[in-house]
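Asks: Next comes the structure file run_11.cif, holding mmCIF, C-alpha atoms.
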data_upload
loop_
_atom_site.label_atom_id
_atom_site.label_comp_id
_atom_site.auth_asym_id
_atom_site.auth_seq_id
_atom_site.Cartn_x
_atom_site.Cartn_y
_atom_site.Cartn_z
CA MET A 1 -11.51 -10.69 -9.37
CA MET A 2 -9.29 -10.31 -12.45
CA GLY A 3 -9.86 -13.48 -14.50
CA GLY A 4 -10.51 -13.43 -18.24
CA ASN A 5 -13.92 -15.16 -18.35
CA HIS A 6 -16.43 -14.44 -15.58
CA SER A 7 -14.52 -12.25 -13.14
CA VAL A 8 -15.63 -8.97 -11.56
CA MET A 9 -13.30 -7.16 -13.97
CA LYS A 10 -14.79 -8.95 -17.01
CA LEU A 11 -18.37 -8.23 -15.94
CA LEU A 12 -17.58 -4.55 -15.41
CA LYS A 13 -15.87 -4.30 -18.80
CA ASN A 14 -18.96 -5.79 -20.44
CA ASP A 15 -20.96 -2.85 -19.08
CA ILE A 16 -18.17 -0.25 -19.47
CA PRO A 17 -16.05 -1.20 -22.52
CA ASN A 18 -13.59 1.68 -22.02
CA LEU A 19 -12.98 0.87 -18.36
CA PHE A 20 -9.32 1.30 -17.40
CA VAL A 21 -8.09 -1.59 -15.24
CA MET A 22 -5.09 -1.24 -12.94
CA LYS A 23 -4.17 -3.97 -10.50
CA CYS A 24 -3.38 -2.99 -6.91
CA ILE A 25 0.30 -2.16 -6.45
CA CYS A 26 0.11 -3.03 -2.75
CA HIS A 27 -0.93 -6.57 -3.65
CA SER A 28 1.94 -6.70 -6.13
CA PHE A 29 4.40 -5.76 -3.38
CA HIS A 30 2.90 -8.49 -1.21
CA LEU A 31 3.30 -11.07 -4.00
CA CYS A 32 6.93 -10.01 -4.52
CA ALA A 33 7.71 -10.38 -0.83
CA SER A 34 5.88 -13.73 -0.60
CA LYS A 35 7.67 -15.10 -3.66
CA ALA A 36 11.05 -13.98 -2.34
CA CYS A 37 10.35 -15.55 1.05
CA GLU A 38 9.87 -18.93 -0.64
CA LYS A 39 13.68 -19.00 -0.86
CA ILE A 40 13.85 -18.98 2.93
CA PRO A 41 13.55 -22.40 4.68
CA ARG A 42 10.00 -23.23 5.65
CA PHE A 43 10.92 -23.88 9.28
CA VAL A 44 11.44 -20.13 9.84
CA GLU A 45 7.79 -19.32 9.13
CA ASP A 46 6.69 -22.50 10.93
CA LEU A 47 8.54 -21.31 14.04
CA THR A 48 6.54 -18.06 14.20
CA ARG A 49 3.27 -20.01 14.06
CA ASP A 50 4.36 -22.81 16.40
CA VAL A 51 5.48 -20.40 19.11
CA TYR A 52 2.19 -18.49 18.96
CA ASN A 53 0.10 -21.67 18.98
CA TYR A 54 2.03 -22.99 21.99
CA PHE A 55 1.10 -19.97 24.10
CA GLY A 56 -2.12 -18.85 22.38
CA SER A 57 -4.38 -21.49 23.91
CA SER A 58 -2.74 -21.72 27.36
CA PRO A 59 -2.90 -18.85 29.89
CA LYS A 60 -0.79 -21.03 32.21
CA ARG A 61 2.10 -21.18 29.73
CA SER A 62 1.82 -17.44 29.12
CA ALA A 63 2.06 -16.80 32.85
CA GLU A 64 5.10 -19.09 33.13
CA LEU A 65 6.78 -17.24 30.23
CA LYS A 66 6.65 -14.00 32.26
CA GLN A 67 9.02 -15.49 34.83
CA PHE A 68 11.63 -16.12 32.14
CA GLN A 69 11.04 -12.64 30.68
CA MET A 70 11.73 -11.11 34.10
CA PHE A 71 14.88 -13.24 34.48
CA CYS A 72 16.17 -12.14 31.03
CA ASN A 73 15.17 -8.52 31.72
CA VAL A 74 13.02 -8.20 28.59
CA LYS A 75 9.64 -6.57 28.26
CA MET A 76 6.71 -8.81 29.15
CA HIS A 77 5.09 -8.67 25.74
CA LYS A 78 2.74 -11.27 24.36
CA ILE A 79 3.71 -13.42 21.38
CA LEU A 80 1.95 -12.04 18.30
CA HIS A 81 -0.19 -13.99 15.87
CA PRO A 82 1.23 -14.23 12.31
CA SER A 83 -1.39 -13.60 9.63
CA GLN A 84 -2.33 -16.51 7.39
CA THR A 85 -2.68 -14.34 4.30
CA ARG A 86 -0.13 -11.52 4.41
CA TRP A 87 3.56 -12.24 4.71
CA LEU A 88 4.25 -8.55 5.35
CA SER A 89 2.44 -8.68 8.70
CA VAL A 90 4.95 -11.29 9.86
CA HIS A 91 7.50 -8.50 10.33
CA PHE A 92 5.94 -7.46 13.65
CA VAL A 93 5.85 -11.11 14.75
CA ILE A 94 9.55 -11.53 13.90
CA VAL A 95 10.51 -8.37 15.80
CA ARG A 96 8.68 -9.71 18.86
CA ILE A 97 10.33 -13.16 18.68
CA LEU A 98 13.80 -11.62 18.33
CA GLU A 99 13.04 -9.39 21.32
CA GLN A 100 12.07 -12.46 23.37
CA TYR A 101 14.61 -14.88 21.84
CA GLY A 102 16.65 -15.49 25.00
CA ALA A 103 13.59 -15.86 27.21
CA LEU A 104 12.01 -18.27 24.71
CA GLN A 105 15.14 -20.44 24.59
CA LEU A 106 15.18 -20.72 28.39
CA PHE A 107 11.43 -21.34 28.58
CA PHE A 108 11.42 -24.17 26.05
CA THR A 109 14.59 -25.70 27.54
CA ASP A 110 12.78 -25.87 30.86
CA ALA A 111 9.58 -27.15 29.20
CA VAL A 112 11.44 -30.01 27.54
CA ASN A 113 13.21 -30.92 30.79
CA GLN A 114 9.99 -30.82 32.80
CA ASN A 115 7.39 -32.30 30.47
CA ASP A 116 9.22 -33.67 27.43
CA VAL A 117 6.42 -32.29 25.22
CA ILE A 118 7.04 -33.00 21.54
CA ALA A 119 5.79 -29.55 20.47
CA ALA A 120 8.18 -27.86 22.90
CA GLU A 121 11.05 -30.06 21.75
CA ASN A 122 10.45 -29.15 18.08
CA ILE A 123 10.38 -25.42 18.88
CA LEU A 124 13.53 -25.67 21.02
CA GLN A 125 15.35 -27.47 18.23
CA LYS A 126 14.55 -24.59 15.82
CA LEU A 127 15.51 -21.93 18.39
CA ARG A 128 18.88 -23.61 18.95
CA ASP A 129 19.63 -23.77 15.22
CA PRO A 130 22.03 -20.83 14.64
CA THR A 131 20.65 -20.22 11.13
CA THR A 132 17.16 -19.56 12.56
CA LYS A 133 18.15 -16.31 14.21
CA LEU A 134 20.13 -15.25 11.13
CA PHE A 135 17.08 -15.68 8.89
CA LEU A 136 14.88 -13.84 11.38
CA GLN A 137 17.35 -10.96 11.55
CA PHE A 138 17.47 -10.82 7.75
CA LEU A 139 13.68 -10.64 7.57
CA GLU A 140 13.61 -7.99 10.28
CA PHE A 141 15.94 -5.93 8.08
CA VAL A 142 14.36 -6.44 4.66
CA LEU A 143 10.59 -6.58 5.23
CA PRO A 144 10.26 -2.93 6.38
CA TYR A 145 11.28 -1.82 2.89
CA PHE A 146 8.17 -3.52 1.49
CA ASN A 147 6.00 -2.34 4.38
CA ASN A 148 7.09 1.26 3.84
CA LEU A 149 6.28 1.01 0.12
CA ASN A 150 2.84 -0.27 1.04
CA ARG A 151 2.27 2.64 3.40
CA GLU A 152 3.39 5.07 0.73
CA MET A 153 0.97 3.62 -1.80
CA GLN A 154 -1.97 3.72 0.63
CA SER A 155 -1.91 7.51 0.58
CA GLU A 156 -4.99 9.26 -0.75
CA ASN A 157 -2.80 11.76 -2.63
CA PRO A 158 -1.55 11.05 -6.18
CA LYS A 159 1.52 8.80 -6.03
CA LEU A 160 1.87 7.44 -9.57
CA HIS A 161 4.58 9.96 -10.36
CA LEU A 162 6.63 8.72 -7.37
CA LEU A 163 6.14 4.98 -7.88
CA TYR A 164 9.10 4.34 -10.19
CA LYS A 165 11.47 6.50 -8.13
CA ASN A 166 10.48 4.90 -4.83
CA ILE A 167 10.83 1.34 -6.12
CA THR A 168 14.20 1.94 -7.78
CA THR A 169 15.46 3.61 -4.59
CA ILE A 170 14.52 0.51 -2.58
CA LEU A 171 16.10 -1.80 -5.16
CA ARG A 172 19.37 0.12 -5.15
CA THR A 173 19.39 0.07 -1.34
CA LEU A 174 18.95 -3.71 -1.34
CA PHE A 175 21.55 -4.19 -4.08
CA ASP A 176 24.04 -2.21 -2.00
CA CYS A 177 24.07 -5.15 0.41
CA PHE A 178 25.78 -7.50 -2.02
CA ILE A 179 26.81 -5.72 -5.27
CA LYS A 180 28.41 -2.43 -6.19
CA ASN A 181 26.13 -0.12 -8.14
CA PRO A 182 27.59 1.36 -11.33
CA VAL A 183 27.89 5.12 -11.60
CA VAL A 184 24.62 6.48 -12.97
CA VAL A 185 25.15 8.98 -15.77
CA LYS A 186 22.26 11.38 -16.07
CA SER A 187 21.15 11.48 -19.69
CA GLY A 188 19.01 14.61 -19.51
CA SER A 189 15.25 15.23 -19.66
CA LEU A 190 12.77 13.08 -21.54
CA ALA A 191 12.49 14.53 -25.03
CA SER A 192 9.14 12.99 -25.96
CA ILE A 193 6.21 11.31 -24.20
CA ASN A 194 4.74 9.62 -27.27
CA ASP A 195 5.59 6.16 -25.90
CA ILE A 196 3.64 6.97 -22.74
CA LEU A 197 0.67 8.37 -24.63
CA MET A 198 0.40 5.21 -26.75
CA LEU A 199 -0.15 3.16 -23.58
CA PHE A 200 -3.49 4.86 -22.90
CA PRO A 201 -5.67 4.64 -26.04
CA ASN A 202 -8.83 4.86 -23.91
CA ILE A 203 -7.74 8.24 -22.56
CA VAL A 204 -5.86 9.87 -25.44
CA ASN A 205 -7.56 10.39 -28.80
CA PRO A 206 -5.27 9.67 -31.78
CA GLU A 207 -5.72 13.20 -33.13
CA ASP A 208 -4.46 14.61 -29.81
CA LEU A 209 -1.20 12.63 -29.68
CA GLN A 210 0.88 15.15 -31.56
CA ARG A 211 -0.66 18.14 -29.75
CA ILE A 212 0.15 16.71 -26.32
CA ASP A 213 3.67 15.70 -27.28
CA SER A 214 4.34 19.11 -28.84
CA GLU A 215 3.16 20.82 -25.68
CA TRP A 216 5.47 18.57 -23.67
CA ARG A 217 8.45 19.54 -25.83
CA LEU A 218 7.54 23.20 -25.38
CA LEU A 219 7.15 22.82 -21.62
CA ARG A 220 10.67 21.39 -21.29
CA ASN A 221 12.06 24.64 -22.67
CA THR A 222 9.79 27.02 -20.76
CA GLU A 223 11.88 28.99 -18.26
CA GLU A 224 8.98 29.89 -15.96
CA ILE A 225 8.57 26.31 -14.71
CA SER A 226 11.93 26.47 -12.87
CA ASN A 227 10.21 28.67 -10.27
CA PHE A 228 7.13 26.45 -9.95
CA SER A 229 6.40 24.30 -6.91
CA ASN A 230 7.89 20.78 -6.66
CA ASP A 231 4.56 19.43 -5.43
CA VAL A 232 3.04 17.57 -8.38
CA MET A 233 -0.51 18.93 -8.05
CA THR A 234 0.61 22.51 -7.42
CA PHE A 235 3.11 22.33 -10.27
CA TRP A 236 0.53 21.30 -12.88
CA LEU A 237 -2.01 23.78 -11.58
CA GLU A 238 0.60 26.46 -12.16
CA VAL A 239 1.34 25.09 -15.63
CA GLN A 240 -2.38 25.27 -16.34
CA THR A 241 -2.34 29.04 -15.78
CA LEU A 242 0.25 29.76 -18.51
CA LYS A 243 -1.37 31.62 -21.41
CA ARG A 244 -0.47 33.02 -24.80
CA GLY A 245 -0.81 36.65 -25.79
CA ASP A 246 -4.38 36.03 -27.00
CA ASP A 247 -5.29 34.67 -23.53
CA THR A 248 -5.54 31.02 -24.69
CA LEU A 249 -4.01 28.25 -22.58
CA VAL A 250 -0.57 27.14 -23.75
CA PHE A 251 -0.61 23.61 -22.28
CA LYS A 252 -4.32 22.78 -22.26
CA ASN A 253 -4.04 19.29 -23.82
CA LEU A 254 -0.98 18.28 -21.82
CA VAL A 255 -2.48 19.39 -18.52
CA ASN A 256 -5.72 17.52 -19.24
CA PHE A 257 -3.73 14.36 -19.95
CA VAL A 258 -1.67 14.71 -16.78
CA PHE A 259 -4.74 15.28 -14.62
CA GLN A 260 -6.33 12.13 -16.07
CA MET A 261 -3.15 10.22 -15.21
CA LEU A 262 -3.20 11.53 -11.66
CA THR A 263 -6.73 10.20 -11.15
CA LEU A 264 -5.55 6.64 -11.82
CA PRO A 265 -5.37 4.63 -8.58
CA HIS A 266 -1.99 3.49 -7.31
CA SER A 267 -3.58 0.93 -4.98
CA SER A 268 -6.98 -0.39 -3.87
CA ALA A 269 -6.60 1.04 -0.34
CA ASN A 270 -9.13 3.84 -0.91
CA VAL A 271 -11.70 1.40 -2.30
CA GLU A 272 -11.21 -0.97 0.62
CA ARG A 273 -11.83 1.94 3.00
CA VAL A 274 -15.17 2.49 1.25
CA PHE A 275 -16.04 -1.18 1.83
CA SER A 276 -15.36 -0.65 5.54
CA LEU A 277 -17.58 2.43 5.59
CA ILE A 278 -20.40 0.47 3.93
CA HIS A 279 -20.14 -2.21 6.64
CA ILE A 280 -20.52 0.52 9.26
CA LEU A 281 -23.58 2.00 7.51
CA LYS A 282 -25.38 -1.18 6.47
CA THR A 283 -25.67 -3.20 9.66
CA LYS A 284 -28.00 -6.09 10.52
CA GLN A 285 -30.45 -3.57 11.95
CA ARG A 286 -30.25 -1.40 8.81
CA ASN A 287 -30.02 -4.12 6.19
CA LYS A 288 -32.79 -2.65 4.01
CA LEU A 289 -30.90 0.53 3.15
CA SER A 290 -31.03 1.03 -0.61
CA THR A 291 -27.98 1.50 -2.79
CA GLU A 292 -29.03 5.09 -3.48
CA THR A 293 -29.27 5.87 0.24
CA ILE A 294 -25.86 4.33 1.00
CA SER A 295 -24.33 6.19 -1.95
CA GLY A 296 -25.81 9.45 -0.66
CA LEU A 297 -24.47 8.85 2.84
CA LEU A 298 -20.99 8.06 1.50
CA LEU A 299 -20.97 11.17 -0.68
CA THR A 300 -22.15 13.29 2.26
CA LYS A 301 -19.42 11.88 4.48
CA ALA A 302 -16.81 12.58 1.78
CA LEU A 303 -18.10 16.15 1.40
CA ILE A 304 -18.04 16.89 5.12
CA GLY A 305 -14.63 15.24 5.50
CA ARG A 306 -13.18 15.40 8.99
CA ASP A 307 -15.33 18.35 10.07
CA GLU A 308 -18.24 17.91 12.45
CA CYS A 309 -21.64 17.84 10.74
CA TYR A 310 -23.01 20.60 13.01
CA SER A 311 -20.16 22.96 12.09
CA PHE A 312 -20.12 22.21 8.36
CA ASN A 313 -20.46 25.36 6.25
CA ILE A 314 -23.39 24.94 3.80
CA ASP A 315 -22.78 27.24 0.85
CA GLY A 316 -25.30 28.63 -1.61
CA LYS A 317 -24.47 26.07 -4.29
CA LEU A 318 -25.57 23.21 -2.05
CA ILE A 319 -28.80 24.97 -1.07
CA SER A 320 -29.67 25.80 -4.68
CA GLY A 321 -29.42 22.10 -5.56
CA MET A 322 -32.07 21.11 -3.01
CA THR A 323 -35.06 21.43 -5.32
CA ASN A 324 -38.19 19.32 -5.61
CA SER A 325 -36.97 17.77 -8.86
CA ASN A 326 -33.72 16.66 -7.18
CA LEU A 327 -35.14 15.57 -3.84
CA TYR A 328 -38.48 14.03 -4.87
CA GLN A 329 -38.32 12.29 -8.21
#
Could you render the structure from this file as structure tokens?

Replies:
Amino acid sequence: MMGGNHSVMKLLKNDIPNLFVMKCICHSFHLCASKACEKIPRFVEDLTRDVYNYFGSSPKRSAELKQFQMFCNVKMHKILHPSQTRWLSVHFVIVRILEQYGALQLFFTDAVNQNDVIAAENILQKLRDPTTKLFLQFLEFVLPYFNNLNREMQSENPKLHLLYKNITTILRTLFDCFIKNPVVVKSGSLASINDILMLFPNIVNPEDLQRIDSEWRLLRNTEEISNFSNDVMTFWLEVQTLKRGDDTLVFKNLVNFVFQMLTLPHSSANVERVFSLIHILKTKQRNKLSTETISGLLLTKALIGRDECYSFNIDGKLISGMTNSNLYQ
């Protein structure tokens, strides 16, 4: 996808030289969690898979487990399947194993005594290891932080402005478990955004750098903004309305830059949803749908949104666009 020679990214950049590439932050969170979990003994992850495999192919064993669940007075839930590709999904598996831990210990103790099955003996050995439950409890505590970040970044609203704050909040919360945070001294507002502007040469023209930064410096000292909304989109829409005495916009260049920043994706979740929609539209029975037709259907669905098609309000602008030249080329 992102290689330097013949990847999807490289092929797209050949056609669109100024294409802005941003890797998916959700995948980055997943990589961070996976890399961190390499420090945890392998037998912890193996246990989640071994327990599922032991019950997954045997309705008889699953039925026998219910007797031990009733004896331990725990809910008769099934053992969940851990994903092969996403460590973050293991959180739900871990929660379920911890919920059933006592029942599982009794079940596999009985299984070893009755059948002396090697698989059951290996699982029982891991369940009896006191460090196993400690590692599972640690993962139950820490993985939700990453899961919650993923959910936050899958929003369809702009989140780039919250990314740094959310991540640092999570880091400080984790650090609180084993170190004392120093007192943070607030240093005041950012005086200049030139460093930020230089990061986006494809978006910001060199001749506009000083204009945007000057508008930023002016905005910092504009009293009206103290009464503006804290919602990022509403705030900048309100900034956009500020005018000089000659009715020209005060922060035109800055607002244009900010709006371009807010269009940058914070994850690939929205794109992946489009892939799912395409699979629904282009089925085996409709495999000859053209790209133009699929694109039109997707755009129509996006326009209608969550409304019903029969109650959608068709305004004059839409009707005026339905001309022969547009419909029949």

Asks: What residues have an atom no more than 12 Å from (15.7, -5.3, 21.6) in the file's own frame, counting all atoms listed in the file, and can you write them as a VMD selection string?

Replies: chain A and resid 72 to 75 77 94 to 102 137 140

Asks: Hey, what comes out of the PyMOL selection byres ((chain A and resi 257) around 10) on this file? Could you write it as a list in words?

Replies: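 Matching residues under the PyMOL selection byres ((chain A and resi 257) around 10) are Leu197, Phe200, Ile203, Val204, Asp208, Ile212, Lys252, Asn253, Leu254, Val255, Asn256, Val258, Phe259, Gln260, Met261 and Leu262 of chain A.
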
Asks: What separation in Å, quoted to one decimal, exists between CA of Ser34 in chain A and CA of Gln105 in chain A?

Replies: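 Computed distance, CA of Ser34 in chain A to CA of Gln105 in chain A, equals 27.7 Å.
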
Asks: Separation of CA of Lys60 in chain A and CA of Lys126 in chain A, in Å?

Replies: 22.7 Å

Asks: For this file, the PyMOL selection byres ((chain A and resi 296-300) around 12) selects which residues, as number ranges by chain?

Replies: A: 273-282, 289-295, 301-309, 312, 314, 318, 327

Asks: Using the chain letters and numbering of this document, enumerate as a list of chain:residue names the residues selected by the PyMOL selection byres ((chain A and resi 224) around 12).

Replies: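 So the PyMOL selection byres ((chain A and resi 224) around 12) ends up selecting A:Leu218, A:Leu219, A:Arg220, A:Asn221, A:Thr222, A:Glu223, A:Ile225, A:Ser226, A:Asn227, A:Phe228, A:Ser229, A:Phe235, A:Glu238, A:Val239, A:Thr241, A:Leu242, A:Lys243.
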
Asks: Could you write out the selected residues, including C-alpha atoms, as a compact mmCIF listing (two decimals), keeping the file's coordinate frame?

Replies:
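Saved to part20.txt:
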# COMPACT_ATOMS: atom_id res chain seq x y z
CA LEU A 218 7.54 23.20 -25.38
CA LEU A 219 7.15 22.82 -21.62
CA ARG A 220 10.67 21.39 -21.29
CA ASN A 221 12.06 24.64 -22.67
CA THR A 222 9.79 27.02 -20.76
CA GLU A 223 11.88 28.99 -18.26
CA ILE A 225 8.57 26.31 -14.71
CA SER A 226 11.93 26.47 -12.87
CA ASN A 227 10.21 28.67 -10.27
CA PHE A 228 7.13 26.45 -9.95
CA SER A 229 6.40 24.30 -6.91
CA PHE A 235 3.11 22.33 -10.27
CA GLU A 238 0.60 26.46 -12.16
CA VAL A 239 1.34 25.09 -15.63
CA THR A 241 -2.34 29.04 -15.78
CA LEU A 242 0.25 29.76 -18.51
CA LYS A 243 -1.37 31.62 -21.41

Asks: Can you work out the spacing between CA of Leu47 in chain A and CA of Ser83 in chain A in Å, to one decimal?

Replies: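 Rounded to one decimal, the two atoms are 13.3 Å apart.
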
Asks: Applying 10 Å and only C-alpha atoms, which residues near Val51 in chain A remain after dropping the ones on its own chain fewer than 6 positions away? List them as a count of residues only.

Replies: 10

Asks: For Asn53 in chain A, which residue among A:Pro201, A:Pro41, A:Pro82, A:Pro17 is the nearest when counting only C-alpha atoms?

Replies: A:Pro82

Asks: In terms of the shortest atom-to-atom distance over all atoms listed in the file, which of A:Leu127, A:Leu143, A:Val90, A:Ala103 is closest to Arg49 in chain A?

Replies: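 Counting all atoms listed in the file, the residue closest to Arg49 in chain A is A:Val90.
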
Asks: Might you pull out every residue within 12 Å of Ile40 in chain A, with all atoms listed in the file counted and same-chain residues fewer than 4 positions away left off, and present them as a list in words?

Replies: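 Contacts, in chain order: Ala33, Ser34, Lys35, Ala36, Val44, Glu45, Asp46, Thr131, Thr132, Leu134, Phe135, Leu136, Phe138 and Leu139 of chain A.
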
Asks: Of the residues A:Thr263, A:Asn148, A:Asn202, A:Asn326, which is the one nearest to Asn18 in chain A, using all atoms listed in the file?

Replies: A:Asn202

Asks: Generate N, CA, C and O atoms for range 111-129 of chain A and emit them as a PDB file, in the frame of the given file.

Replies:
ATOM      1  N   ALA A 111      10.776 -26.374  29.533  1.00  0.00           N
ATOM      2  CA  ALA A 111       9.580 -27.150  29.200  1.00  0.00           C
ATOM      3  C   ALA A 111       9.934 -28.560  28.771  1.00  0.00           C
ATOM      4  O   ALA A 111       9.265 -29.531  29.146  1.00  0.00           O
ATOM      5  N   VAL A 112      11.013 -28.682  27.981  1.00  0.00           N
ATOM      6  CA  VAL A 112      11.440 -30.010  27.540  1.00  0.00           C
ATOM      7  C   VAL A 112      11.945 -30.833  28.721  1.00  0.00           C
ATOM      8  O   VAL A 112      11.640 -32.028  28.833  1.00  0.00           O
ATOM      9  N   ASN A 113      12.684 -30.203  29.624  1.00  0.00           N
ATOM     10  CA  ASN A 113      13.210 -30.920  30.790  1.00  0.00           C
ATOM     11  C   ASN A 113      12.103 -31.355  31.740  1.00  0.00           C
ATOM     12  O   ASN A 113      12.194 -32.413  32.378  1.00  0.00           O
ATOM     13  N   GLN A 114      11.059 -30.532  31.853  1.00  0.00           N
ATOM     14  CA  GLN A 114       9.990 -30.820  32.800  1.00  0.00           C
ATOM     15  C   GLN A 114       8.956 -31.796  32.253  1.00  0.00           C
ATOM     16  O   GLN A 114       8.537 -32.730  32.943  1.00  0.00           O
ATOM     17  N   ASN A 115       8.533 -31.558  30.990  1.00  0.00           N
ATOM     18  CA  ASN A 115       7.390 -32.300  30.470  1.00  0.00           C
ATOM     19  C   ASN A 115       7.723 -33.204  29.285  1.00  0.00           C
ATOM     20  O   ASN A 115       6.968 -34.102  28.952  1.00  0.00           O
ATOM     21  N   ASP A 116       8.831 -32.922  28.629  1.00  0.00           N
ATOM     22  CA  ASP A 116       9.220 -33.670  27.430  1.00  0.00           C
ATOM     23  C   ASP A 116       8.102 -33.639  26.379  1.00  0.00           C
ATOM     24  O   ASP A 116       7.761 -34.645  25.763  1.00  0.00           O
ATOM     25  N   VAL A 117       7.485 -32.459  26.200  1.00  0.00           N
ATOM     26  CA  VAL A 117       6.420 -32.290  25.220  1.00  0.00           C
ATOM     27  C   VAL A 117       7.039 -32.219  23.823  1.00  0.00           C
ATOM     28  O   VAL A 117       8.020 -31.508  23.602  1.00  0.00           O
ATOM     29  N   ILE A 118       6.467 -32.957  22.884  1.00  0.00           N
ATOM     30  CA  ILE A 118       7.040 -33.000  21.540  1.00  0.00           C
ATOM     31  C   ILE A 118       7.010 -31.628  20.887  1.00  0.00           C
ATOM     32  O   ILE A 118       7.976 -31.216  20.236  1.00  0.00           O
ATOM     33  N   ALA A 119       5.900 -30.891  21.068  1.00  0.00           N
ATOM     34  CA  ALA A 119       5.790 -29.550  20.470  1.00  0.00           C
ATOM     35  C   ALA A 119       6.888 -28.635  20.998  1.00  0.00           C
ATOM     36  O   ALA A 119       7.525 -27.896  20.234  1.00  0.00           O
ATOM     37  N   ALA A 120       7.127 -28.697  22.306  1.00  0.00           N
ATOM     38  CA  ALA A 120       8.180 -27.860  22.900  1.00  0.00           C
ATOM     39  C   ALA A 120       9.548 -28.277  22.397  1.00  0.00           C
ATOM     40  O   ALA A 120      10.425 -27.433  22.156  1.00  0.00           O
ATOM     41  N   GLU A 121       9.752 -29.567  22.226  1.00  0.00           N
ATOM     42  CA  GLU A 121      11.050 -30.060  21.750  1.00  0.00           C
ATOM     43  C   GLU A 121      11.314 -29.599  20.318  1.00  0.00           C
ATOM     44  O   GLU A 121      12.444 -29.211  19.981  1.00  0.00           O
ATOM     45  N   ASN A 122      10.292 -29.600  19.473  1.00  0.00           N
ATOM     46  CA  ASN A 122      10.450 -29.150  18.080  1.00  0.00           C
ATOM     47  C   ASN A 122      10.789 -27.659  18.031  1.00  0.00           C
ATOM     48  O   ASN A 122      11.642 -27.235  17.244  1.00  0.00           O
ATOM     49  N   ILE A 123      10.106 -26.868  18.852  1.00  0.00           N
ATOM     50  CA  ILE A 123      10.380 -25.420  18.880  1.00  0.00           C
ATOM     51  C   ILE A 123      11.787 -25.162  19.395  1.00  0.00           C
ATOM     52  O   ILE A 123      12.530 -24.336  18.830  1.00  0.00           O
ATOM     53  N   LEU A 124      12.188 -25.872  20.451  1.00  0.00           N
ATOM     54  CA  LEU A 124      13.530 -25.670  21.020  1.00  0.00           C
ATOM     55  C   LEU A 124      14.611 -26.017  20.005  1.00  0.00           C
ATOM     56  O   LEU A 124      15.634 -25.327  19.913  1.00  0.00           O
ATOM     57  N   GLN A 125      14.376 -27.077  19.252  1.00  0.00           N
ATOM     58  CA  GLN A 125      15.350 -27.470  18.230  1.00  0.00           C
ATOM     59  C   GLN A 125      15.556 -26.352  17.206  1.00  0.00           C
ATOM     60  O   GLN A 125      16.679 -26.056  16.796  1.00  0.00           O
ATOM     61  N   LYS A 126      14.455 -25.683  16.786  1.00  0.00           N
ATOM     62  CA  LYS A 126      14.550 -24.590  15.820  1.00  0.00           C
ATOM     63  C   LYS A 126      15.230 -23.363  16.449  1.00  0.00           C
ATOM     64  O   LYS A 126      16.014 -22.678  15.800  1.00  0.00           O
ATOM     65  N   LEU A 127      14.917 -23.088  17.727  1.00  0.00           N
ATOM     66  CA  LEU A 127      15.510 -21.930  18.390  1.00  0.00           C
ATOM     67  C   LEU A 127      17.016 -22.105  18.580  1.00  0.00           C
ATOM     68  O   LEU A 127      17.768 -21.124  18.578  1.00  0.00           O
ATOM     69  N   ARG A 128      17.457 -23.340  18.746  1.00  0.00           N
ATOM     70  CA  ARG A 128      18.880 -23.610  18.950  1.00  0.00           C
ATOM     71  C   ARG A 128      19.662 -23.640  17.642  1.00  0.00           C
ATOM     72  O   ARG A 128      20.893 -23.582  17.673  1.00  0.00           O
ATOM     73  N   ASP A 129      18.957 -23.774  16.526  1.00  0.00           N
ATOM     74  CA  ASP A 129      19.630 -23.770  15.220  1.00  0.00           C
ATOM     75  C   ASP A 129      20.172 -22.367  14.959  1.00  0.00           C
ATOM     76  O   ASP A 129      19.399 -21.401  14.898  1.00  0.00           O
TER      77      ASP A 129
END
